[in-house]
file upload-v7.txt (compact mmCIF, N, CA and C atoms and all ligand atoms)
# COMPACT_ATOMS: atom_id res chain seq x y z
N MET J 77 -5.40 3.52 5.19
CA MET J 77 -4.42 4.33 5.91
C MET J 77 -3.86 5.40 4.97
N THR J 78 -3.82 6.63 5.47
CA THR J 78 -3.26 7.71 4.66
C THR J 78 -1.94 8.18 5.27
N THR J 79 -0.92 8.22 4.45
CA THR J 79 0.36 8.72 4.90
C THR J 79 0.76 9.84 3.94
N PRO J 80 1.64 10.73 4.41
CA PRO J 80 2.04 11.85 3.53
C PRO J 80 2.84 11.38 2.32
N TRP J 81 3.29 10.16 2.35
CA TRP J 81 3.96 9.59 1.18
C TRP J 81 3.21 8.32 0.82
N GLU J 82 3.51 7.75 -0.30
CA GLU J 82 2.84 6.51 -0.67
C GLU J 82 3.59 5.33 -0.08
N MET J 83 3.05 4.80 1.01
CA MET J 83 3.69 3.68 1.67
C MET J 83 3.74 2.48 0.71
N TYR J 84 2.60 2.22 0.08
CA TYR J 84 2.53 1.17 -0.94
C TYR J 84 2.14 1.82 -2.26
N LYS J 85 2.94 1.59 -3.26
CA LYS J 85 2.66 2.15 -4.58
C LYS J 85 2.70 1.00 -5.58
N GLN J 86 1.62 0.83 -6.32
CA GLN J 86 1.62 -0.28 -7.29
C GLN J 86 2.41 0.11 -8.53
N LEU J 87 3.25 -0.80 -8.97
CA LEU J 87 4.04 -0.58 -10.18
C LEU J 87 3.55 -1.54 -11.27
N ASP J 88 4.00 -1.32 -12.49
CA ASP J 88 3.60 -2.20 -13.60
C ASP J 88 3.99 -3.64 -13.28
N THR J 89 3.06 -4.53 -13.50
CA THR J 89 3.29 -5.94 -13.22
C THR J 89 4.28 -6.54 -14.21
N PRO J 90 5.37 -7.14 -13.71
CA PRO J 90 6.31 -7.80 -14.63
C PRO J 90 5.62 -8.98 -15.33
N GLU J 91 6.12 -9.36 -16.49
CA GLU J 91 5.45 -10.38 -17.29
C GLU J 91 5.62 -11.80 -16.76
N ASP J 92 6.78 -12.05 -16.17
CA ASP J 92 7.12 -13.45 -15.87
C ASP J 92 6.80 -13.87 -14.44
N LEU J 93 5.68 -13.40 -13.88
CA LEU J 93 5.33 -13.78 -12.52
C LEU J 93 4.52 -15.07 -12.46
N GLU J 94 4.89 -15.93 -11.53
CA GLU J 94 4.10 -17.14 -11.27
C GLU J 94 2.77 -16.73 -10.64
N LEU J 95 1.76 -17.57 -10.79
CA LEU J 95 0.49 -17.34 -10.10
C LEU J 95 0.69 -17.56 -8.61
N CYS J 96 -0.21 -17.01 -7.82
CA CYS J 96 -0.13 -17.18 -6.37
C CYS J 96 -0.17 -18.67 -6.02
N PRO J 97 0.82 -19.16 -5.24
CA PRO J 97 0.85 -20.59 -4.91
C PRO J 97 -0.22 -20.98 -3.88
N CYS J 98 -0.85 -19.99 -3.25
CA CYS J 98 -1.90 -20.31 -2.28
C CYS J 98 -3.26 -20.41 -2.96
N CYS J 99 -3.60 -19.43 -3.79
CA CYS J 99 -4.97 -19.38 -4.30
C CYS J 99 -5.05 -19.34 -5.83
N GLY J 100 -3.94 -19.23 -6.51
CA GLY J 100 -3.96 -19.25 -7.97
C GLY J 100 -4.28 -17.93 -8.63
N SER J 101 -4.40 -16.88 -7.85
CA SER J 101 -4.66 -15.56 -8.43
C SER J 101 -3.40 -15.00 -9.09
N ALA J 102 -3.57 -13.96 -9.86
CA ALA J 102 -2.42 -13.27 -10.44
C ALA J 102 -1.70 -12.51 -9.33
N ALA J 103 -0.45 -12.17 -9.58
CA ALA J 103 0.34 -11.43 -8.60
C ALA J 103 0.58 -10.01 -9.10
N GLN J 104 0.92 -9.14 -8.18
CA GLN J 104 1.15 -7.74 -8.51
C GLN J 104 2.46 -7.26 -7.88
N LEU J 105 3.03 -6.26 -8.51
CA LEU J 105 4.27 -5.68 -7.98
C LEU J 105 3.96 -4.38 -7.24
N TRP J 106 4.48 -4.27 -6.02
CA TRP J 106 4.31 -3.05 -5.22
C TRP J 106 5.67 -2.55 -4.77
N GLN J 107 5.72 -1.24 -4.61
CA GLN J 107 6.91 -0.61 -4.01
C GLN J 107 6.52 -0.17 -2.62
N TYR J 108 7.39 -0.45 -1.66
CA TYR J 108 7.08 -0.14 -0.27
C TYR J 108 8.14 0.78 0.31
N SER J 109 7.71 1.77 1.08
CA SER J 109 8.68 2.57 1.83
C SER J 109 8.15 2.93 3.21
N GLU J 110 9.04 2.80 4.21
CA GLU J 110 8.73 3.09 5.61
C GLU J 110 8.37 4.55 5.81
N SER J 111 9.08 5.42 5.12
CA SER J 111 8.86 6.85 5.27
C SER J 111 9.20 7.52 3.95
N ALA J 112 8.98 8.83 3.89
CA ALA J 112 9.22 9.58 2.65
C ALA J 112 10.68 9.50 2.21
N THR J 113 11.59 9.38 3.20
CA THR J 113 13.01 9.40 2.88
C THR J 113 13.67 8.02 2.95
N ALA J 114 12.93 7.05 3.48
CA ALA J 114 13.51 5.70 3.62
C ALA J 114 13.71 5.08 2.25
N PRO J 115 14.71 4.17 2.18
CA PRO J 115 14.90 3.47 0.90
C PRO J 115 13.68 2.61 0.61
N THR J 116 13.36 2.46 -0.67
CA THR J 116 12.17 1.68 -1.03
C THR J 116 12.54 0.21 -1.16
N SER J 117 11.54 -0.63 -1.00
CA SER J 117 11.75 -2.03 -1.34
C SER J 117 10.61 -2.46 -2.25
N LYS J 118 10.82 -3.60 -2.89
CA LYS J 118 9.81 -4.11 -3.82
C LYS J 118 9.24 -5.39 -3.26
N VAL J 119 7.98 -5.61 -3.51
CA VAL J 119 7.33 -6.81 -3.02
C VAL J 119 6.28 -7.28 -4.02
N ILE J 120 6.25 -8.59 -4.24
CA ILE J 120 5.20 -9.16 -5.09
C ILE J 120 4.11 -9.70 -4.16
N CYS J 121 2.88 -9.30 -4.44
CA CYS J 121 1.75 -9.71 -3.60
C CYS J 121 0.68 -10.37 -4.47
N CYS J 122 -0.07 -11.25 -3.85
CA CYS J 122 -1.24 -11.83 -4.50
C CYS J 122 -2.29 -10.73 -4.62
N GLU J 123 -3.06 -10.73 -5.71
CA GLU J 123 -4.05 -9.65 -5.87
C GLU J 123 -5.40 -9.98 -5.21
N ASN J 124 -5.50 -11.18 -4.63
CA ASN J 124 -6.78 -11.62 -4.08
C ASN J 124 -7.05 -11.04 -2.69
N ALA J 125 -7.84 -9.96 -2.64
CA ALA J 125 -8.20 -9.33 -1.37
C ALA J 125 -9.64 -9.67 -1.00
N GLU J 126 -10.23 -10.54 -1.79
CA GLU J 126 -11.64 -10.89 -1.61
C GLU J 126 -11.84 -11.71 -0.34
N GLN J 127 -12.84 -11.34 0.42
CA GLN J 127 -13.19 -12.10 1.62
C GLN J 127 -13.77 -13.44 1.20
N PHE J 128 -13.28 -14.52 1.78
CA PHE J 128 -13.84 -15.83 1.41
C PHE J 128 -13.93 -16.76 2.60
N GLY J 129 -14.69 -17.83 2.45
CA GLY J 129 -14.84 -18.84 3.50
C GLY J 129 -15.27 -18.21 4.81
N PRO J 130 -14.58 -18.57 5.89
CA PRO J 130 -14.99 -18.10 7.22
C PRO J 130 -14.44 -16.73 7.58
N GLN J 131 -13.74 -16.08 6.65
CA GLN J 131 -13.12 -14.79 6.98
C GLN J 131 -14.19 -13.75 7.29
N ASP J 132 -13.88 -12.90 8.26
CA ASP J 132 -14.79 -11.79 8.51
C ASP J 132 -14.00 -10.49 8.60
N GLY J 133 -14.61 -9.44 8.13
CA GLY J 133 -13.96 -8.14 8.21
C GLY J 133 -13.00 -7.91 7.07
N LEU J 134 -12.91 -6.66 6.65
CA LEU J 134 -12.07 -6.29 5.52
C LEU J 134 -10.61 -6.59 5.76
N VAL J 135 -10.14 -6.30 6.98
CA VAL J 135 -8.73 -6.43 7.31
C VAL J 135 -8.28 -7.89 7.19
N ASN J 136 -9.16 -8.80 7.57
CA ASN J 136 -8.77 -10.20 7.57
C ASN J 136 -9.11 -10.94 6.29
N GLY J 137 -9.70 -10.23 5.34
CA GLY J 137 -10.11 -10.88 4.11
C GLY J 137 -8.95 -11.10 3.16
N GLY J 138 -9.16 -12.02 2.24
CA GLY J 138 -8.17 -12.21 1.18
C GLY J 138 -7.19 -13.32 1.42
N CYS J 139 -6.37 -13.54 0.42
CA CYS J 139 -5.35 -14.58 0.42
C CYS J 139 -4.25 -14.24 1.43
N LEU J 140 -3.62 -15.27 1.98
CA LEU J 140 -2.52 -15.07 2.92
C LEU J 140 -1.38 -14.27 2.29
N LEU J 141 -1.22 -14.43 0.99
CA LEU J 141 -0.11 -13.72 0.31
C LEU J 141 -0.54 -12.37 -0.25
N TYR J 142 -1.75 -11.93 0.11
CA TYR J 142 -2.15 -10.57 -0.26
C TYR J 142 -1.26 -9.57 0.49
N MET J 143 -0.92 -9.93 1.73
CA MET J 143 0.05 -9.17 2.52
C MET J 143 1.12 -10.16 2.95
N PRO J 144 2.07 -10.43 2.08
CA PRO J 144 3.05 -11.48 2.36
C PRO J 144 4.00 -11.10 3.49
N PRO J 145 4.65 -12.11 4.12
CA PRO J 145 5.58 -11.83 5.21
C PRO J 145 6.83 -11.09 4.74
N GLU J 146 7.59 -10.66 5.71
CA GLU J 146 8.75 -9.80 5.50
C GLU J 146 9.73 -10.27 4.43
N GLY J 147 9.94 -11.59 4.36
CA GLY J 147 10.90 -12.14 3.41
C GLY J 147 10.62 -11.78 1.96
N PHE J 148 9.40 -11.43 1.65
CA PHE J 148 9.04 -11.10 0.27
C PHE J 148 9.47 -9.69 -0.12
N TYR J 149 9.81 -8.88 0.87
CA TYR J 149 10.23 -7.50 0.60
C TYR J 149 11.71 -7.51 0.26
N ARG J 150 12.04 -7.11 -0.96
CA ARG J 150 13.42 -7.17 -1.43
C ARG J 150 13.85 -5.79 -1.92
N PRO J 151 15.16 -5.52 -1.87
CA PRO J 151 15.63 -4.19 -2.29
C PRO J 151 15.41 -3.89 -3.78
N THR J 152 15.42 -4.90 -4.62
CA THR J 152 15.26 -4.63 -6.05
C THR J 152 14.11 -5.44 -6.65
N LEU J 153 13.64 -4.97 -7.77
CA LEU J 153 12.58 -5.65 -8.51
C LEU J 153 12.99 -7.08 -8.85
N ARG J 154 14.21 -7.20 -9.38
CA ARG J 154 14.72 -8.51 -9.79
C ARG J 154 14.67 -9.52 -8.65
N GLU J 155 15.11 -9.08 -7.47
CA GLU J 155 15.14 -9.97 -6.31
C GLU J 155 13.73 -10.30 -5.82
N ALA J 156 12.84 -9.32 -5.89
CA ALA J 156 11.46 -9.55 -5.46
C ALA J 156 10.78 -10.58 -6.36
N VAL J 157 11.01 -10.45 -7.67
CA VAL J 157 10.44 -11.38 -8.64
C VAL J 157 11.03 -12.77 -8.42
N LYS J 158 12.34 -12.81 -8.24
CA LYS J 158 13.02 -14.09 -8.03
C LYS J 158 12.47 -14.79 -6.79
N TYR J 159 12.33 -14.02 -5.70
CA TYR J 159 11.83 -14.59 -4.45
C TYR J 159 10.42 -15.15 -4.64
N TRP J 160 9.55 -14.34 -5.23
CA TRP J 160 8.16 -14.75 -5.44
C TRP J 160 8.09 -16.02 -6.31
N ASN J 161 8.80 -15.99 -7.42
CA ASN J 161 8.73 -17.11 -8.36
C ASN J 161 9.29 -18.39 -7.75
N GLU J 162 10.40 -18.27 -7.03
CA GLU J 162 10.98 -19.46 -6.42
C GLU J 162 10.07 -20.01 -5.33
N TYR J 163 9.49 -19.11 -4.55
CA TYR J 163 8.56 -19.49 -3.49
C TYR J 163 7.35 -20.19 -4.09
N ALA J 164 6.80 -19.59 -5.12
CA ALA J 164 5.59 -20.11 -5.77
C ALA J 164 5.85 -21.49 -6.37
N LYS J 165 6.96 -21.63 -7.08
CA LYS J 165 7.27 -22.92 -7.72
C LYS J 165 7.48 -24.00 -6.67
N ALA J 166 8.22 -23.66 -5.61
CA ALA J 166 8.53 -24.64 -4.57
C ALA J 166 7.25 -25.07 -3.85
N LEU J 167 6.42 -24.10 -3.48
CA LEU J 167 5.21 -24.43 -2.74
C LEU J 167 4.24 -25.23 -3.61
N THR J 168 4.12 -24.84 -4.87
CA THR J 168 3.22 -25.54 -5.79
C THR J 168 3.68 -26.99 -5.97
N SER J 169 4.99 -27.20 -6.09
CA SER J 169 5.42 -28.58 -6.32
C SER J 169 5.29 -29.41 -5.05
N GLN J 170 5.50 -28.78 -3.89
CA GLN J 170 5.27 -29.50 -2.62
C GLN J 170 3.82 -29.92 -2.52
N GLN J 171 2.95 -28.97 -2.83
CA GLN J 171 1.52 -29.23 -2.71
C GLN J 171 1.10 -30.35 -3.66
N ARG J 172 1.60 -30.28 -4.87
CA ARG J 172 1.27 -31.29 -5.87
C ARG J 172 1.71 -32.69 -5.40
N ALA J 173 2.95 -32.75 -4.89
CA ALA J 173 3.49 -34.03 -4.44
C ALA J 173 2.68 -34.58 -3.27
N ARG J 174 2.33 -33.70 -2.32
CA ARG J 174 1.61 -34.18 -1.13
C ARG J 174 0.19 -34.60 -1.47
N ARG J 175 -0.45 -33.83 -2.38
CA ARG J 175 -1.82 -34.20 -2.76
C ARG J 175 -1.80 -35.51 -3.53
N TRP J 176 -0.79 -35.70 -4.34
CA TRP J 176 -0.69 -36.93 -5.11
C TRP J 176 -0.52 -38.11 -4.16
N GLU J 177 0.38 -37.90 -3.17
CA GLU J 177 0.62 -38.93 -2.17
C GLU J 177 -0.65 -39.27 -1.40
N ALA J 178 -1.38 -38.22 -0.98
CA ALA J 178 -2.62 -38.43 -0.24
C ALA J 178 -3.64 -39.17 -1.11
N ALA J 179 -3.68 -38.84 -2.37
CA ALA J 179 -4.61 -39.50 -3.28
C ALA J 179 -4.25 -40.97 -3.46
N GLN J 180 -2.96 -41.24 -3.48
CA GLN J 180 -2.50 -42.63 -3.59
C GLN J 180 -2.96 -43.45 -2.39
N VAL J 181 -2.83 -42.84 -1.20
CA VAL J 181 -3.24 -43.52 0.03
C VAL J 181 -4.73 -43.81 -0.02
N LEU J 182 -5.52 -42.80 -0.43
CA LEU J 182 -6.97 -42.99 -0.55
C LEU J 182 -7.27 -44.12 -1.52
N ARG J 183 -6.55 -44.07 -2.64
CA ARG J 183 -6.78 -45.07 -3.68
C ARG J 183 -6.46 -46.48 -3.16
N SER J 184 -5.32 -46.61 -2.44
CA SER J 184 -4.96 -47.95 -1.96
C SER J 184 -5.90 -48.39 -0.85
N ASN J 185 -6.40 -47.43 -0.04
CA ASN J 185 -7.40 -47.78 0.98
C ASN J 185 -8.67 -48.28 0.30
N ALA J 186 -9.06 -47.61 -0.76
CA ALA J 186 -10.26 -47.99 -1.48
C ALA J 186 -10.09 -49.39 -2.06
N GLU J 187 -8.89 -49.64 -2.54
CA GLU J 187 -8.57 -50.95 -3.11
C GLU J 187 -8.72 -52.03 -2.03
N VAL J 188 -8.16 -51.77 -0.84
CA VAL J 188 -8.22 -52.71 0.28
C VAL J 188 -9.68 -52.95 0.65
N ASN J 189 -10.46 -51.85 0.78
CA ASN J 189 -11.87 -51.99 1.15
C ASN J 189 -12.63 -52.84 0.12
N ARG J 190 -12.31 -52.61 -1.15
CA ARG J 190 -13.00 -53.34 -2.20
C ARG J 190 -12.70 -54.84 -2.12
N ASN J 191 -11.40 -55.14 -1.84
CA ASN J 191 -10.98 -56.54 -1.76
C ASN J 191 -11.55 -57.25 -0.53
N GLU J 192 -11.83 -56.44 0.52
CA GLU J 192 -12.33 -57.06 1.75
C GLU J 192 -13.81 -57.40 1.66
N ARG J 193 -14.48 -56.77 0.69
CA ARG J 193 -15.92 -56.97 0.58
C ARG J 193 -16.31 -58.37 0.16
ZN ZN T 201 -3.28 -15.76 -3.36

call {"tool": "encode", "arguments": {"input": "upload-v7.txt", "output": "structure tokens"}}
result
Amino acid sequence: MTTPWEMYKQLDTPEDLELCPCCGSAAQLWQYSESATAPTSKVICCENAEQFGPQDGLVNGGCLLYMPPEGFYRPTLREAVKYWNEYAKALTSQQRARRWEAAQVLRSNAEVNRNER
């Protein structure tokens, strides 16, 4: 998409960004503006735009956080980084806990099956 202004402009990536909680890719900092005169906002996005798995078409390719939802758009860099990092840490720890729990269930099922043999 071409606009007379830069709707999305990539800025230097801050150092302290968490990896993408969905796919583990690095994250990038972008500046977003609705129009040439609108106030800008900052957003941290996953850099993974690669088509994978069952995805088809360029538009639908990539990580879910390549184009993150509205909540990731913040008025300042500091807030955008804070939002991304808190989101990433929370989601990663949820995922870790749930996978661990699921693995425990598998393990105890395996134990039961072994004892029944
Ligand atoms: Zn990602």

call {"tool": "residues_near_ligand", "arguments": {"input": "upload-v7.txt", "ligand": "ligand ZN 201 (chain T)", "cutoff": "6.5 Å", "atoms": "all atoms listed in the file", "output": "ChimeraX atom specification"}}
result
/J:96-101,122-124,139-142

call {"tool": "atom_distance", "arguments": {"input": "upload-v7.txt", "atom1": "atom N of Lys158 of chain J", "atom2": "atom C of Asp88 of chain J"}}
result
13.4 Å

call {"tool": "atom_distance", "arguments": {"input": "upload-v7.txt", "atom1": "atom N of Phe128 of chain J", "atom2": "atom C of Pro144 of chain J"}}
result
17.7 Å

call {"tool": "atom_distance", "arguments": {"input": "upload-v7.txt", "atom1": "atom C of Ala103 of chain J", "atom2": "atom N of Pro90 of chain J"}}
result
7.2 Å

call {"tool": "closest_residue", "arguments": {"input": "upload-v7.txt", "among": "J:Asn185, J:Met83, J:Tyr163, J:Glu177", "to": "Ala112 of chain J", "atoms": "all atoms listed in the file"}}
result
J:Met83

call {"tool": "select_by_dssp", "arguments": {"input": "upload-v7.txt", "residues": "chain J", "states": "strand (DSSP E or B)", "output": "JSON, numbers by chain"}}
result
{"J": [84, 85, 86, 87, 103, 104, 105, 106, 107, 108, 117, 118, 119, 120, 121, 122, 150]}

call {"tool": "closest_residue", "arguments": {"input": "upload-v7.txt", "among": "J:Arg174, J:Gln86, J:Trp81, J:Lys165", "to": "Gln107 of chain J", "atoms": "all atoms listed in the file"}}
result
J:Gln86

call {"tool": "decode", "arguments": {"input": "upload-v7.txt", "residues": "segment 138-157 of chain J", "atoms": "N, CA and C atoms", "output": "PDB file, in the first residue's frame"}}
result
ATOM      1  N   GLY J 138       2.604 -15.308   7.884  1.00  0.00           N
ATOM      2  CA  GLY J 138       3.326 -14.745   9.018  1.00  0.00           C
ATOM      3  C   GLY J 138       2.686 -14.996  10.356  1.00  0.00           C
ATOM      4  N   CYS J 139       3.397 -14.568  11.378  1.00  0.00           N
ATOM      5  CA  CYS J 139       2.977 -14.716  12.769  1.00  0.00           C
ATOM      6  C   CYS J 139       1.767 -13.828  13.056  1.00  0.00           C
ATOM      7  N   LEU J 140       0.939 -14.260  13.997  1.00  0.00           N
ATOM      8  CA  LEU J 140      -0.227 -13.467  14.396  1.00  0.00           C
ATOM      9  C   LEU J 140       0.177 -12.083  14.900  1.00  0.00           C
ATOM     10  N   LEU J 141       1.355 -12.010  15.499  1.00  0.00           N
ATOM     11  CA  LEU J 141       1.793 -10.714  16.050  1.00  0.00           C
ATOM     12  C   LEU J 141       2.627  -9.907  15.060  1.00  0.00           C
ATOM     13  N   TYR J 142       2.665 -10.363  13.797  1.00  0.00           N
ATOM     14  CA  TYR J 142       3.309  -9.547  12.762  1.00  0.00           C
ATOM     15  C   TYR J 142       2.484  -8.270  12.569  1.00  0.00           C
ATOM     16  N   MET J 143       1.160  -8.417  12.672  1.00  0.00           N
ATOM     17  CA  MET J 143       0.244  -7.268  12.671  1.00  0.00           C
ATOM     18  C   MET J 143      -0.580  -7.381  13.942  1.00  0.00           C
ATOM     19  N   PRO J 144      -0.037  -6.924  15.058  1.00  0.00           N
ATOM     20  CA  PRO J 144      -0.710  -7.127  16.341  1.00  0.00           C
ATOM     21  C   PRO J 144      -1.994  -6.312  16.460  1.00  0.00           C
ATOM     22  N   PRO J 145      -2.903  -6.724  17.376  1.00  0.00           N
ATOM     23  CA  PRO J 145      -4.157  -5.988  17.562  1.00  0.00           C
ATOM     24  C   PRO J 145      -3.937  -4.592  18.132  1.00  0.00           C
ATOM     25  N   GLU J 146      -5.017  -3.846  18.132  1.00  0.00           N
ATOM     26  CA  GLU J 146      -5.010  -2.428  18.496  1.00  0.00           C
ATOM     27  C   GLU J 146      -4.309  -2.092  19.807  1.00  0.00           C
ATOM     28  N   GLY J 147      -4.473  -2.969  20.809  1.00  0.00           N
ATOM     29  CA  GLY J 147      -3.898  -2.710  22.121  1.00  0.00           C
ATOM     30  C   GLY J 147      -2.393  -2.510  22.115  1.00  0.00           C
ATOM     31  N   PHE J 148      -1.720  -2.997  21.106  1.00  0.00           N
ATOM     32  CA  PHE J 148      -0.265  -2.869  21.033  1.00  0.00           C
ATOM     33  C   PHE J 148       0.181  -1.484  20.574  1.00  0.00           C
ATOM     34  N   TYR J 149      -0.749  -0.715  20.024  1.00  0.00           N
ATOM     35  CA  TYR J 149      -0.426   0.631  19.541  1.00  0.00           C
ATOM     36  C   TYR J 149      -0.493   1.586  20.722  1.00  0.00           C
ATOM     37  N   ARG J 150       0.631   2.191  21.060  1.00  0.00           N
ATOM     38  CA  ARG J 150       0.700   3.060  22.228  1.00  0.00           C
ATOM     39  C   ARG J 150       1.244   4.428  21.814  1.00  0.00           C
ATOM     40  N   PRO J 151       0.876   5.463  22.588  1.00  0.00           N
ATOM     41  CA  PRO J 151       1.326   6.815  22.217  1.00  0.00           C
ATOM     42  C   PRO J 151       2.844   7.016  22.298  1.00  0.00           C
ATOM     43  N   THR J 152       3.516   6.303  23.183  1.00  0.00           N
ATOM     44  CA  THR J 152       4.959   6.511  23.315  1.00  0.00           C
ATOM     45  C   THR J 152       5.731   5.201  23.165  1.00  0.00           C
ATOM     46  N   LEU J 153       6.987   5.346  22.849  1.00  0.00           N
ATOM     47  CA  LEU J 153       7.886   4.201  22.723  1.00  0.00           C
ATOM     48  C   LEU J 153       7.910   3.389  24.012  1.00  0.00           C
ATOM     49  N   ARG J 154       8.070   4.117  25.127  1.00  0.00           N
ATOM     50  CA  ARG J 154       8.159   3.461  26.433  1.00  0.00           C
ATOM     51  C   ARG J 154       6.942   2.572  26.702  1.00  0.00           C
ATOM     52  N   GLU J 155       5.765   3.106  26.404  1.00  0.00           N
ATOM     53  CA  GLU J 155       4.527   2.359  26.642  1.00  0.00           C
ATOM     54  C   GLU J 155       4.394   1.171  25.695  1.00  0.00           C
ATOM     55  N   ALA J 156       4.826   1.358  24.452  1.00  0.00           N
ATOM     56  CA  ALA J 156       4.755   0.267  23.473  1.00  0.00           C
ATOM     57  C   ALA J 156       5.663  -0.885  23.893  1.00  0.00           C
ATOM     58  N   VAL J 157       6.864  -0.545  24.354  1.00  0.00           N
ATOM     59  CA  VAL J 157       7.826  -1.555  24.804  1.00  0.00           C
ATOM     60  C   VAL J 157       7.276  -2.265  26.041  1.00  0.00           C
TER      61      VAL J 157
END
